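target00.pdb (PDB, C-alpha atoms) appears below.
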ATOM      1  CA  MET A 161     -41.275  41.713  74.195
ATOM      2  CA  LYS A 162     -38.506  40.315  72.007
ATOM      3  CA  ILE A 163     -34.874  40.516  73.075
ATOM      4  CA  CYS A 164     -32.396  40.981  70.222
ATOM      5  CA  ASP A 165     -29.813  38.194  70.425
ATOM      6  CA  ILE A 166     -27.180  40.477  68.858
ATOM      7  CA  CYS A 167     -27.336  43.660  70.961
ATOM      8  CA  GLY A 168     -29.741  42.702  73.784
ATOM      9  CA  THR A 169     -32.215  45.483  73.048
ATOM     10  CA  TYR A 170     -35.851  44.936  74.038
ATOM     11  CA  ASN A 171     -38.222  45.270  71.098
ATOM     12  CA  SER A 172     -42.005  45.169  70.893
ATOM     13  CA  LYS A 173     -43.561  41.854  69.883
ATOM     14  CA  GLU A 174     -44.589  43.312  66.506
ATOM     15  CA  ASN A 175     -41.046  44.279  65.489
ATOM     16  CA  LYS A 176     -39.521  42.226  62.683
ATOM     17  CA  TYR A 177     -36.117  43.920  63.008
ATOM     18  CA  CYS A 178     -34.335  45.263  66.063
ATOM     19  CA  PHE A 179     -34.870  49.044  66.155
ATOM     20  CA  HIS A 180     -31.349  49.521  67.541
ATOM     21  CA  CYS A 181     -29.087  47.354  65.345
ATOM     22  CA  GLY A 182     -31.383  46.139  62.551
ATOM     23  CA  ASN A 183     -30.949  42.439  63.371
ATOM     24  CA  LYS A 184     -33.810  40.217  62.131
ATOM     25  CA  LEU A 185     -36.141  39.111  64.914
ATOM     26  CA  LEU A 186     -38.297  36.012  64.830
ATOM     27  CA  LYS A 187     -42.007  36.831  64.536
ATOM     28  CA  ASP A 188     -43.476  33.969  66.533
ATOM     29  CA  ASN A 189     -42.198  30.932  68.360
ATOM     30  CA  ILE A 190     -43.305  28.545  65.637
ATOM     31  CA  CYS A 191     -40.995  25.551  65.472
ATOM     32  CA  PRO A 192     -39.439  25.364  61.991
ATOM     33  CA  LEU A 193     -39.186  21.571  62.220
ATOM     34  CA  CYS A 194     -42.574  20.455  63.534
ATOM     35  CA  ALA A 195     -44.623  23.685  63.152
ATOM     36  CA  THR A 196     -45.718  23.689  66.812
ATOM     37  CA  LEU A 197     -46.700  27.126  68.181
ATOM     38  CA  ASN A 198     -44.877  27.696  71.469
ATOM     39  CA  GLU A 199     -45.206  30.306  74.203
ATOM     40  CA  ASP A 200     -43.531  33.654  73.516
ATOM     41  CA  GLU A 201     -40.906  33.135  76.204
ATOM     42  CA  ALA A 202     -40.054  29.592  75.092
ATOM     43  CA  THR A 203     -36.562  28.957  73.695
ATOM     44  CA  ILE A 204     -37.022  25.210  73.102
ATOM     45  CA  CYS A 205     -39.927  23.657  71.204
ATOM     46  CA  SER A 206     -42.322  21.973  73.637
ATOM     47  CA  ASN A 207     -43.022  19.235  71.075
ATOM     48  CA  CYS A 208     -39.687  18.244  69.524
ATOM     49  CA  GLY A 209     -37.068  20.087  71.581
ATOM     50  CA  SER A 210     -35.613  22.139  68.697
ATOM     51  CA  PRO A 211     -34.167  25.610  69.470
ATOM     52  CA  LEU A 212     -36.502  28.495  68.635
ATOM     53  CA  SER A 213     -34.979  31.892  69.328
ATOM     54  CA  THR A 214     -31.979  31.828  66.993
ATOM     55  CA  PHE A 215     -32.893  29.103  64.548
ATOM     56  CA  THR A 216     -30.763  28.627  61.464
ATOM     57  CA  ILE A 217     -31.161  26.020  58.743
ATOM     58  CA  GLU A 218     -27.965  23.982  58.897
ATOM     59  CA  SER A 219     -28.721  21.119  56.498
ATOM     60  CA  PHE A 220     -30.287  20.673  53.074
ATOM     61  CA  ASP A 221     -32.581  17.963  54.461
ATOM     62  CA  ILE A 222     -34.150  20.555  56.753
ATOM     63  CA  LEU A 223     -34.209  23.283  54.095
ATOM     64  CA  PHE A 224     -35.983  21.067  51.570
ATOM     65  CA  SER A 225     -38.497  19.702  54.066
ATOM     66  CA  ASP A 226     -42.220  19.893  53.406
ATOM     67  CA  TYR A 227     -42.475  22.562  56.066
ATOM     68  CA  TYR A 228     -40.237  25.041  54.237
ATOM     69  CA  ARG A 229     -41.666  24.118  50.866
ATOM     70  CA  GLU A 230     -45.095  25.087  52.225
ATOM     71  CA  GLN A 231     -43.729  28.249  53.860
ATOM     72  CA  LEU A 232     -42.346  29.455  50.539
ATOM     73  CA  ALA A 233     -45.396  28.400  48.537
ATOM     74  CA  ASN A 234     -47.658  30.428  50.827
ATOM     75  CA  PHE A 235     -45.360  33.429  51.238
ATOM     76  CA  ASP A 236     -46.745  36.764  50.081
ATOM     77  CA  LEU A 237     -44.034  39.439  49.948
ATOM     78  CA  SER A 238     -45.732  42.789  50.421
ATOM     79  CA  VAL A 239     -44.259  46.062  49.226
ATOM     80  CA  MET A 240     -43.839  47.248  52.824
ATOM     81  CA  GLU A 241     -42.032  44.049  53.824
ATOM     82  CA  TYR A 242     -39.739  44.386  50.821
ATOM     83  CA  TYR A 243     -38.890  47.997  51.683
ATOM     84  CA  SER A 244     -38.147  46.888  55.247
ATOM     85  CA  ILE A 245     -35.703  44.339  53.862
ATOM     86  CA  LEU A 246     -33.998  46.952  51.658
ATOM     87  CA  ASN A 247     -33.819  49.459  54.498
ATOM     88  CA  ASN A 248     -32.358  46.843  56.794
ATOM     89  CA  ILE A 249     -29.611  46.051  54.276
ATOM     90  CA  PHE A 250     -28.687  49.592  53.256
ATOM     91  CA  ASN A 251     -29.403  51.804  56.247
ATOM     92  CA  LYS A 252     -27.310  50.030  58.866
ATOM     93  CA  GLN A 253     -24.233  51.924  57.671
ATOM     94  CA  ALA A 254     -26.000  55.110  56.581
ATOM     95  CA  PHE A 255     -24.343  57.256  59.240
ATOM     96  CA  THR A 256     -20.876  55.714  59.019
ATOM     97  CA  PRO A 257     -18.404  58.190  57.466
ATOM     98  CA  ILE A 258     -16.826  57.269  54.138
ATOM     99  CA  VAL A 259     -13.044  57.317  54.364
ATOM    100  CA  GLY A 260     -10.341  57.434  51.701
ATOM    101  CA  THR A 261      -8.213  59.948  49.829
ATOM    102  CA  THR A 262      -8.916  58.790  46.276
ATOM    103  CA  ALA A 263     -12.084  57.877  44.411
ATOM    104  CA  LYS A 264     -11.065  54.218  44.436
ATOM    105  CA  ASP A 265     -10.383  54.276  48.180
ATOM    106  CA  LYS A 266     -13.802  55.781  48.846
ATOM    107  CA  VAL A 267     -15.631  53.303  46.591
ATOM    108  CA  LEU A 268     -13.749  50.433  48.216
ATOM    109  CA  ASP A 269     -14.673  51.723  51.674
ATOM    110  CA  ILE A 270     -18.346  51.847  50.650
ATOM    111  CA  ALA A 271     -18.180  48.309  49.262
ATOM    112  CA  SER A 272     -16.569  47.052  52.471
ATOM    113  CA  LYS A 273     -19.615  48.197  54.434
ATOM    114  CA  PHE A 274     -21.732  45.623  52.597
ATOM    115  CA  ALA A 275     -19.306  42.892  51.532
ATOM    116  CA  LYS A 276     -15.952  41.352  52.311
ATOM    117  CA  CYS A 277     -13.499  42.774  49.751
ATOM    118  CA  LYS A 278     -10.355  40.974  48.624
ATOM    119  CA  THR A 279      -7.744  41.648  45.972
ATOM    120  CA  LYS A 280      -6.794  39.178  43.251
ATOM    121  CA  SER A 281      -3.705  39.172  41.044
ATOM    122  CA  ARG A 282      -4.205  36.165  38.802
ATOM    123  CA  GLY A 283      -6.383  35.454  35.799
ATOM    124  CA  VAL A 284      -7.954  37.561  33.075
ATOM    125  CA  GLU A 285     -11.147  38.381  34.986
ATOM    126  CA  PHE A 286     -11.272  41.906  36.398
ATOM    127  CA  GLY A 287     -13.211  40.705  39.430
ATOM    128  CA  ALA A 288     -15.294  37.937  40.956
ATOM    129  CA  ASN A 289     -17.885  37.437  43.646
ATOM    130  CA  MET A 290     -19.573  34.722  45.632
ATOM    131  CA  GLY A 291     -22.218  35.396  48.221
ATOM    132  CA  THR A 292     -21.213  38.466  50.211
ATOM    133  CA  THR A 293     -17.528  38.364  49.229
ATOM    134  CA  LEU A 294     -16.038  40.138  46.223
ATOM    135  CA  GLU A 295     -12.642  40.206  44.578
ATOM    136  CA  TYR A 296     -11.063  42.843  42.341
ATOM    137  CA  ASP A 297      -7.739  42.886  40.494
ATOM    138  CA  ASP A 298      -5.537  45.647  41.928
ATOM    139  CA  ARG A 299      -3.203  45.506  38.892
ATOM    140  CA  LEU A 300      -5.776  47.456  36.881
ATOM    141  CA  ASP A 301      -6.008  51.227  36.496
ATOM    142  CA  ASP A 302      -7.925  52.814  39.347
ATOM    143  CA  SER A 303     -10.820  53.696  37.030
ATOM    144  CA  VAL A 304     -11.258  50.047  36.024
ATOM    145  CA  GLN A 305     -10.924  48.933  39.634
ATOM    146  CA  ILE A 306     -13.720  51.352  40.570
ATOM    147  CA  ALA A 307     -16.047  49.945  37.914
ATOM    148  CA  THR A 308     -15.136  46.386  38.914
ATOM    149  CA  ILE A 309     -15.745  46.965  42.626
ATOM    150  CA  ILE A 310     -19.167  48.531  41.963
ATOM    151  CA  HIS A 311     -20.074  45.709  39.588
ATOM    152  CA  GLU A 312     -19.149  42.960  42.044
ATOM    153  CA  LEU A 313     -20.782  44.875  44.913
ATOM    154  CA  ALA A 314     -24.048  44.879  42.948
ATOM    155  CA  HIS A 315     -23.822  41.086  42.739
ATOM    156  CA  CYS A 316     -23.297  40.878  46.501
ATOM    157  CA  LEU A 317     -26.190  43.243  47.208
ATOM    158  CA  LEU A 318     -28.667  41.342  45.044
ATOM    159  CA  PHE A 319     -27.497  38.158  46.750
ATOM    160  CA  LYS A 320     -28.211  39.813  50.120
ATOM    161  CA  ILE A 321     -31.658  40.935  48.993
ATOM    162  CA  ILE A 322     -32.708  37.430  47.919
ATOM    163  CA  LEU A 323     -31.172  35.943  51.066
ATOM    164  CA  ASN A 324     -33.139  38.322  53.291
ATOM    165  CA  VAL A 325     -36.357  37.632  51.379
ATOM    166  CA  LEU A 326     -35.917  33.936  52.157
ATOM    167  CA  CYS A 327     -35.089  34.657  55.809
ATOM    168  CA  GLU A 328     -38.384  36.551  55.934
ATOM    169  CA  ALA A 329     -40.285  33.750  54.199
ATOM    170  CA  PHE A 330     -38.841  31.041  56.447
ATOM    171  CA  ASP A 331     -38.572  33.186  59.602
ATOM    172  CA  VAL A 332     -34.968  32.147  60.197
ATOM    173  CA  LYS A 333     -31.545  33.688  60.348
ATOM    174  CA  THR A 334     -29.032  33.234  57.582
ATOM    175  CA  SER A 335     -26.790  30.194  57.261
ATOM    176  CA  LYS A 336     -24.380  28.768  54.726
ATOM    177  CA  THR A 337     -27.057  26.235  53.761
ATOM    178  CA  LEU A 338     -29.546  28.969  52.922
ATOM    179  CA  GLU A 339     -26.844  31.041  51.204
ATOM    180  CA  SER A 340     -26.004  28.016  49.038
ATOM    181  CA  PHE A 341     -29.565  27.857  47.758
ATOM    182  CA  VAL A 342     -29.534  31.594  47.011
ATOM    183  CA  TRP A 343     -26.383  31.194  44.927
ATOM    184  CA  PHE A 344     -27.914  28.165  43.193
ATOM    185  CA  PHE A 345     -30.982  30.300  42.435
ATOM    186  CA  LEU A 346     -29.092  33.321  41.074
ATOM    187  CA  THR A 347     -26.842  31.240  38.824
ATOM    188  CA  PHE A 348     -29.499  28.803  37.608
ATOM    189  CA  GLY A 349     -30.131  28.858  33.874
ATOM    190  CA  GLU A 350     -31.449  32.158  32.536
ATOM    191  CA  LEU A 351     -31.470  33.763  35.982
ATOM    192  CA  GLU A 352     -27.690  34.093  35.702
ATOM    193  CA  ILE A 353     -28.260  36.407  32.721
ATOM    194  CA  MET A 354     -30.588  38.537  34.849
ATOM    195  CA  PHE A 355     -28.010  38.526  37.673
ATOM    196  CA  GLU A 356     -25.266  39.752  35.336
ATOM    197  CA  TYR A 357     -27.427  42.394  33.675
ATOM    198  CA  CYS A 358     -28.306  43.830  37.079
ATOM    199  CA  ALA A 359     -24.626  44.181  38.053
ATOM    200  CA  HIS A 360     -23.699  45.867  34.755
ATOM    201  CA  THR A 361     -26.557  48.342  35.096
ATOM    202  CA  VAL A 362     -25.598  49.313  38.650
ATOM    203  CA  GLU A 363     -21.969  49.712  37.575
ATOM    204  CA  GLY A 364     -23.014  51.819  34.590
ATOM    205  CA  ARG A 365     -24.875  54.323  36.751
ATOM    206  CA  PHE A 366     -21.765  55.413  38.632
ATOM    207  CA  ILE A 367     -19.117  55.584  35.900
ATOM    208  CA  PRO A 368     -18.913  58.221  33.127
ATOM    209  CA  TYR A 369     -21.138  58.016  30.065
ATOM    210  CA  GLY A 370     -19.693  55.851  27.311
ATOM    211  CA  TYR A 371     -17.613  53.573  29.535
ATOM    212  CA  GLN A 372     -20.461  51.140  30.196
ATOM    213  CA  ASN A 373     -19.457  47.582  29.348
ATOM    214  CA  TYR A 374     -21.919  44.683  29.166
ATOM    215  CA  GLY A 375     -19.258  42.239  27.956
ATOM    216  CA  SER A 376     -19.846  39.423  30.445
ATOM    217  CA  PHE A 377     -23.609  39.758  29.978
ATOM    218  CA  ASN A 378     -23.203  39.424  26.200
ATOM    219  CA  ASN A 379     -20.984  36.363  26.688
ATOM    220  CA  LEU A 380     -23.638  34.669  28.802
ATOM    221  CA  VAL A 381     -26.314  35.418  26.207
ATOM    222  CA  ARG A 382     -24.117  34.005  23.414
ATOM    223  CA  GLN A 383     -23.471  30.831  25.400
ATOM    224  CA  SER A 384     -27.173  30.265  26.104
ATOM    225  CA  ASP A 385     -30.102  29.337  23.922
ATOM    226  CA  ILE A 386     -32.380  31.889  25.563
ATOM    227  CA  SER A 387     -35.312  33.081  23.464
ATOM    228  CA  GLU A 388     -35.790  36.750  22.656
ATOM    229  CA  ASP A 389     -38.878  36.921  24.860
ATOM    230  CA  ASN A 390     -37.122  35.365  27.850
ATOM    231  CA  LEU A 391     -34.088  37.580  27.290
ATOM    232  CA  GLU A 392     -36.315  40.643  27.431
ATOM    233  CA  LEU A 393     -37.879  39.374  30.669
ATOM    234  CA  ALA A 394     -34.433  38.738  32.179
ATOM    235  CA  ILE A 395     -33.313  42.257  31.250
ATOM    236  CA  ILE A 396     -36.427  43.900  32.698
ATOM    237  CA  LEU A 397     -36.195  41.914  35.946
ATOM    238  CA  GLY A 398     -32.469  42.635  36.238
ATOM    239  CA  ASN A 399     -33.086  46.312  35.577
ATOM    240  CA  SER A 400     -35.833  46.380  38.226
ATOM    241  CA  PHE A 401     -33.426  45.067  40.870
ATOM    242  CA  ALA A 402     -30.665  47.376  39.616
ATOM    243  CA  ASN A 403     -32.822  50.477  39.976
ATOM    244  CA  GLU A 404     -33.620  49.579  43.585
ATOM    245  CA  ILE A 405     -29.939  49.077  44.399
ATOM    246  CA  ILE A 406     -28.985  52.311  42.615
ATOM    247  CA  VAL A 407     -31.453  54.392  44.632
ATOM    248  CA  TYR A 408     -29.823  53.261  47.862
ATOM    249  CA  LEU A 409     -26.215  53.373  46.631
ATOM    250  CA  GLU A 410     -26.690  56.983  45.511
ATOM    251  CA  LYS A 411     -26.778  57.874  49.215
ATOM    252  CA  TYR A 412     -23.170  56.717  49.367
ATOM    253  CA  ILE A 413     -21.834  57.322  45.845
ATOM    254  CA  ASP A 414     -23.136  60.878  45.663
ATOM    255  CA  ASP A 415     -22.494  63.637  43.119
ATOM    256  CA  ASP A 416     -19.205  64.636  44.742
ATOM    257  CA  LEU A 417     -17.829  61.109  44.602
ATOM    258  CA  ARG A 418     -19.120  60.615  41.062
ATOM    259  CA  ASN A 419     -17.195  63.733  40.016
ATOM    260  CA  LEU A 420     -14.067  62.247  41.574
ATOM    261  CA  ILE A 421     -14.689  59.067  39.592
ATOM    262  CA  LYS A 422     -14.968  61.090  36.378
ATOM    263  CA  ILE A 423     -11.677  62.815  37.163
ATOM    264  CA  GLN A 424     -10.030  59.428  37.747
ATOM    265  CA  TYR A 425     -11.147  58.250  34.300
ATOM    266  CA  LYS A 426      -9.562  61.369  32.782
ATOM    267  CA  LYS A 427      -6.346  60.776  34.741
ATOM    268  CA  ASP A 428      -6.156  57.227  33.419
ATOM    269  CA  SER A 429      -6.616  58.531  29.863
ATOM    270  CA  THR A 430      -9.089  55.793  29.008
ATOM    271  CA  VAL A 431     -11.190  56.275  25.886
ATOM    272  CA  PRO A 432     -14.962  55.648  25.989
ATOM    273  CA  LYS A 433     -16.293  53.173  23.444
ATOM    274  CA  PHE A 434     -20.041  53.823  23.728
ATOM    275  CA  ASP A 435     -20.710  50.329  22.347
ATOM    276  CA  SER A 436     -22.705  49.077  25.348
ATOM    277  CA  ILE A 437     -24.767  52.160  26.166
ATOM    278  CA  GLU A 438     -27.553  50.924  23.888
ATOM    279  CA  LEU A 439     -28.124  47.950  26.174
ATOM    280  CA  GLU A 440     -29.430  50.233  28.923
ATOM    281  CA  THR A 441     -33.192  50.282  29.353
ATOM    282  CA  ASN A 442     -35.762  52.202  31.373
ATOM    283  CA  GLN A 443     -38.172  49.276  31.498
ATOM    284  CA  CYS A 444     -38.978  48.102  35.011
ATOM    285  CA  LEU A 445     -41.621  45.965  36.634
ATOM    286  CA  ASP A 446     -44.140  47.364  39.067
ATOM    287  CA  LEU A 447     -42.767  46.504  42.518
ATOM    288  CA  ASP A 448     -45.737  44.391  43.577
ATOM    289  CA  LEU A 449     -45.629  42.464  40.281
ATOM    290  CA  LYS A 450     -41.870  42.037  40.555
ATOM    291  CA  ASN A 451     -42.216  40.633  44.079
ATOM    292  CA  LYS A 452     -44.815  38.135  42.896
ATOM    293  CA  GLN A 453     -42.573  37.043  40.023
ATOM    294  CA  LEU A 454     -39.638  36.704  42.411
ATOM    295  CA  ILE A 455     -41.567  34.425  44.756
ATOM    296  CA  GLN A 456     -42.819  32.367  41.811
ATOM    297  CA  LEU A 457     -39.259  31.937  40.550
ATOM    298  CA  LEU A 458     -37.999  31.038  44.025
ATOM    299  CA  ASN A 459     -40.656  28.333  44.263
ATOM    300  CA  VAL A 460     -39.750  26.904  40.851
ATOM    301  CA  ILE A 461     -36.009  26.801  41.580
ATOM    302  CA  PHE A 462     -36.653  25.530  45.115
ATOM    303  CA  ASP A 463     -38.430  22.515  43.618
ATOM    304  CA  GLU A 464     -35.516  22.036  41.213
ATOM    305  CA  ALA A 465     -32.977  22.244  44.040
ATOM    306  CA  THR A 466     -34.743  19.524  46.018
ATOM    307  CA  LEU A 467     -33.983  16.955  43.308
ATOM    308  CA  SER A 468     -31.263  14.500  44.277
ATOM    309  CA  ARG A 469     -29.275  15.247  41.115
ATOM    310  CA  ASN A 470     -28.599  18.767  42.404
ATOM    311  CA  ARG A 471     -27.403  17.836  45.894
ATOM    312  CA  ASP A 472     -23.752  17.495  44.876
ATOM    313  CA  GLU A 473     -23.838  20.924  43.241
ATOM    314  CA  LEU A 474     -25.377  22.474  46.354
ATOM    315  CA  MET A 475     -22.690  20.888  48.525
ATOM    316  CA  PHE A 476     -20.042  22.202  46.117
ATOM    317  CA  ILE A 477     -21.545  25.702  46.355
ATOM    318  CA  LYS A 478     -21.627  25.495  50.145
ATOM    319  CA  GLU A 479     -17.956  24.544  50.239
ATOM    320  CA  GLY A 480     -17.178  27.402  47.864
ATOM    321  CA  LEU A 481     -19.001  29.922  50.061
ATOM    322  CA  GLU A 482     -17.080  28.742  53.090
ATOM    323  CA  ASN A 483     -13.701  29.014  51.328
ATOM    324  CA  PHE A 484     -14.081  31.960  48.908
TER     325      PHE A 484
END
Do you think you could lay out the structure here as structure tokens?
Amino acid sequence: MKICDICGTYNSKENKYCFHCGNKLLKDNICPLCATLNEDEATICSNCGSPLSTFTIESFDILFSDYYREQLANFDLSVMEYYSILNNIFNKQAFTPIVGTTAKDKVLDIASKFAKCKTKSRGVEFGANMGTTLEYDDRLDDSVQIATIIHELAHCLLFKIILNVLCEAFDVKTSKTLESFVWFFLTFGELEIMFEYCAHTVEGRFIPYGYQNYGSFNNLVRQSDISEDNLELAIILGNSFANEIIVYLEKYIDDDLRNLIKIQYKKDSTVPKFDSIELETNQCLDLDLKNKQLIQLLNVIFDEATLSRNRDELMFIKEGLENF
């Protein structure tokens, strides 16, 4: 039996997540530092003395060790494992009532179930995000705030998905060190374009037709030297993630709430421009193929992150995650 360290519930040895609270459970007592297999009831590695039951990766030296490099290189993310990860992220709050009197209040309440939400009142950006924290400018019309919150929430959710995939691959719990690598991954080179496209597509699903705005995505494309072929791949991968997030968010942002959002846009008397609607696509990757591509990309960027020239950037990201 495995005892959940969050709620104390006894789970069967086969469980990967606590059936009561959804907390990730370690599969086996394999030491993440020396790879020694310990007895099920052991809490300390019999070989090197490292803790086993609630292990987190607290340093980049440990994260970029040969052990974790091999773990990721040999990781095969099955469709069932991926659905378990998605269910664990989205279903924890499935039965929590949505509160609020306005469309914006309700959308903000939904976002707060998955991310830490903060207001901002400086700068030209409508919103920002880092890790599982998002910001939105409350000086904007409610309709624009709604779109901004959904957009930044999509960023946070994709961040959570990648983070949980790595927790599964490494059989650890999350830490700021691991989160730093995830942020490095999602903002590395052309992957940042994919990251932004995903957020715009999720946002576009829940606001009225014609108000879709891929402005920040277009800016990233203009600033890069990405080829047409790689741009198409980034769009398809981003759209694949977006469609998964949309399916789950539709349980929260349902038809009734979407109608309230439409009414809010009419109240704010904003005029649709229709200039970004053509950037939407139906192209998606088969889930098994997408998972394989994701693991391949994680391995490539993992190797890049291990280089000494990137250590300062990773430390900067870690500090940003702690202070954002």
- Message: Using only C-alpha atoms, which protein or nucleic acid residues come within 8 Å of Ser335 (chain A)? Drop anything in the same chain fewer than 4 positions from it, and give the result as a PyMOL selection string.
- Response: chain A and resi 216-218+339
- Query: Can you list what the PyMOL selection byres ((chain A and resi 356-359) around 6) grabs from this structure, as an MDAnalysis selection string?
  - Reply: chainID A and resid 311 314:315 353:355 360:362 377 398:399 402
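Coordinates place CA of Phe235 (chain A) at a distance of 23.3 Å from CA of Glu350 (chain A).
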Could you give me the centre and size, in Å to one decimal, of an axis-aligned box around all listed atoms of region 337-353 of chain A with 3 Å added on every side, as JSON?
{"center_x": -28.7, "center_y": 31.3, "center_z": 43.1, "size_x": 11.5, "size_y": 16.2, "size_z": 27.2}
- CA of Gln231 (chain A) sits from CA of Lys176 (chain A) at a separation of 17.1 Å
- Query: Distance CA of Leu197 (chain A)-CA of Ser172 (chain A), one decimal place?
  - Reply: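 Straight-line distance from CA of Leu197 (chain A) to CA of Ser172 (chain A) works out to 18.8 Å.
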- Message: With the PyMOL selection byres ((chain A and resi 462-473) around 9) as the selection, what would be picked from this file? Answer as number ranges by chain, please.
- Response: A: 220-221, 223-225, 229, 232, 341, 344-345, 457-461, 474-478
Closest-contact table, region 240-287 of chain A side, partner region 323-329 of chain A, 10 Å, counting all atoms listed in the file, as a tab-separated table:
residue	atom	partner	partner_atom	distance
A:Glu241	CA	A:Glu328	CA	8.6
A:Tyr242	CA	A:Val325	CA	7.6
A:Ile245	CA	A:Asn324	CA	6.6
A:Leu246	CA	A:Asn324	CA	8.8
A:Asn248	CA	A:Asn324	CA	9.2
A:Ile249	CA	A:Asn324	CA	8.6
- Item | Given all atoms listed in the file as the counted atoms, nearest of A:Gln453, A:Gly375, A:Glu199, A:Asn247 to Phe286 (chain A) |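 Closest residue, counting all atoms listed in the file: A:Gly375.
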Within 9 Å of Leu268 (chain A), counting all atoms listed in the file, which residues qualify if same-chain residues fewer than 3 places away don't, as an mmCIF file with C-alpha atoms, keeping the file's coordinate frame?
data_model
loop_
_atom_site.group_PDB
_atom_site.id
_atom_site.type_symbol
_atom_site.label_atom_id
_atom_site.label_comp_id
_atom_site.auth_asym_id
_atom_site.auth_seq_id
_atom_site.Cartn_x
_atom_site.Cartn_y
_atom_site.Cartn_z
ATOM 1 C CA GLY A 260 -10.341 57.434 51.701
ATOM 2 C CA ALA A 263 -12.084 57.877 44.411
ATOM 3 C CA LYS A 264 -11.065 54.218 44.436
ATOM 4 C CA ASP A 265 -10.383 54.276 48.180
ATOM 5 C CA ALA A 271 -18.180 48.309 49.262
ATOM 6 C CA SER A 272 -16.569 47.052 52.471
ATOM 7 C CA LYS A 273 -19.615 48.197 54.434
ATOM 8 C CA CYS A 277 -13.499 42.774 49.751
ATOM 9 C CA ILE A 306 -13.720 51.352 40.570
ATOM 10 C CA ILE A 309 -15.745 46.965 42.626
ATOM 11 C CA ILE A 310 -19.167 48.531 41.963
#
- Item | Output check: residues returned by the PyMOL selection byres ((chain A and resi 288) around 12), as a ChimeraX atom specification | /A:276-287,289-297,305,308-316,356,359,376,484
- Between A:Lys336, A:Lys266, A:Lys422, A:Arg365, which is the closest to Thr441 (chain A) once you count all atoms listed in the file?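 Between A:Lys336, A:Lys266, A:Lys422, A:Arg365, the residue approaching Thr441 (chain A) most closely is A:Arg365.
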- Task: Taking (-24.7, 53.0, 55.7) in the file's own coordinates, collect the residues within 10 Å, counting all atoms listed in the file, and hand them back as an MDAnalysis selection string.
- Result: chainID A and resid 247:258 270 273:274 408:409 411:412
- Item | Nearest to Ile321 (chain A), chosen from A:Cys191, A:Ile423, A:Leu454, A:Ile222, with all atoms listed in the file counted in the distances | A:Leu454
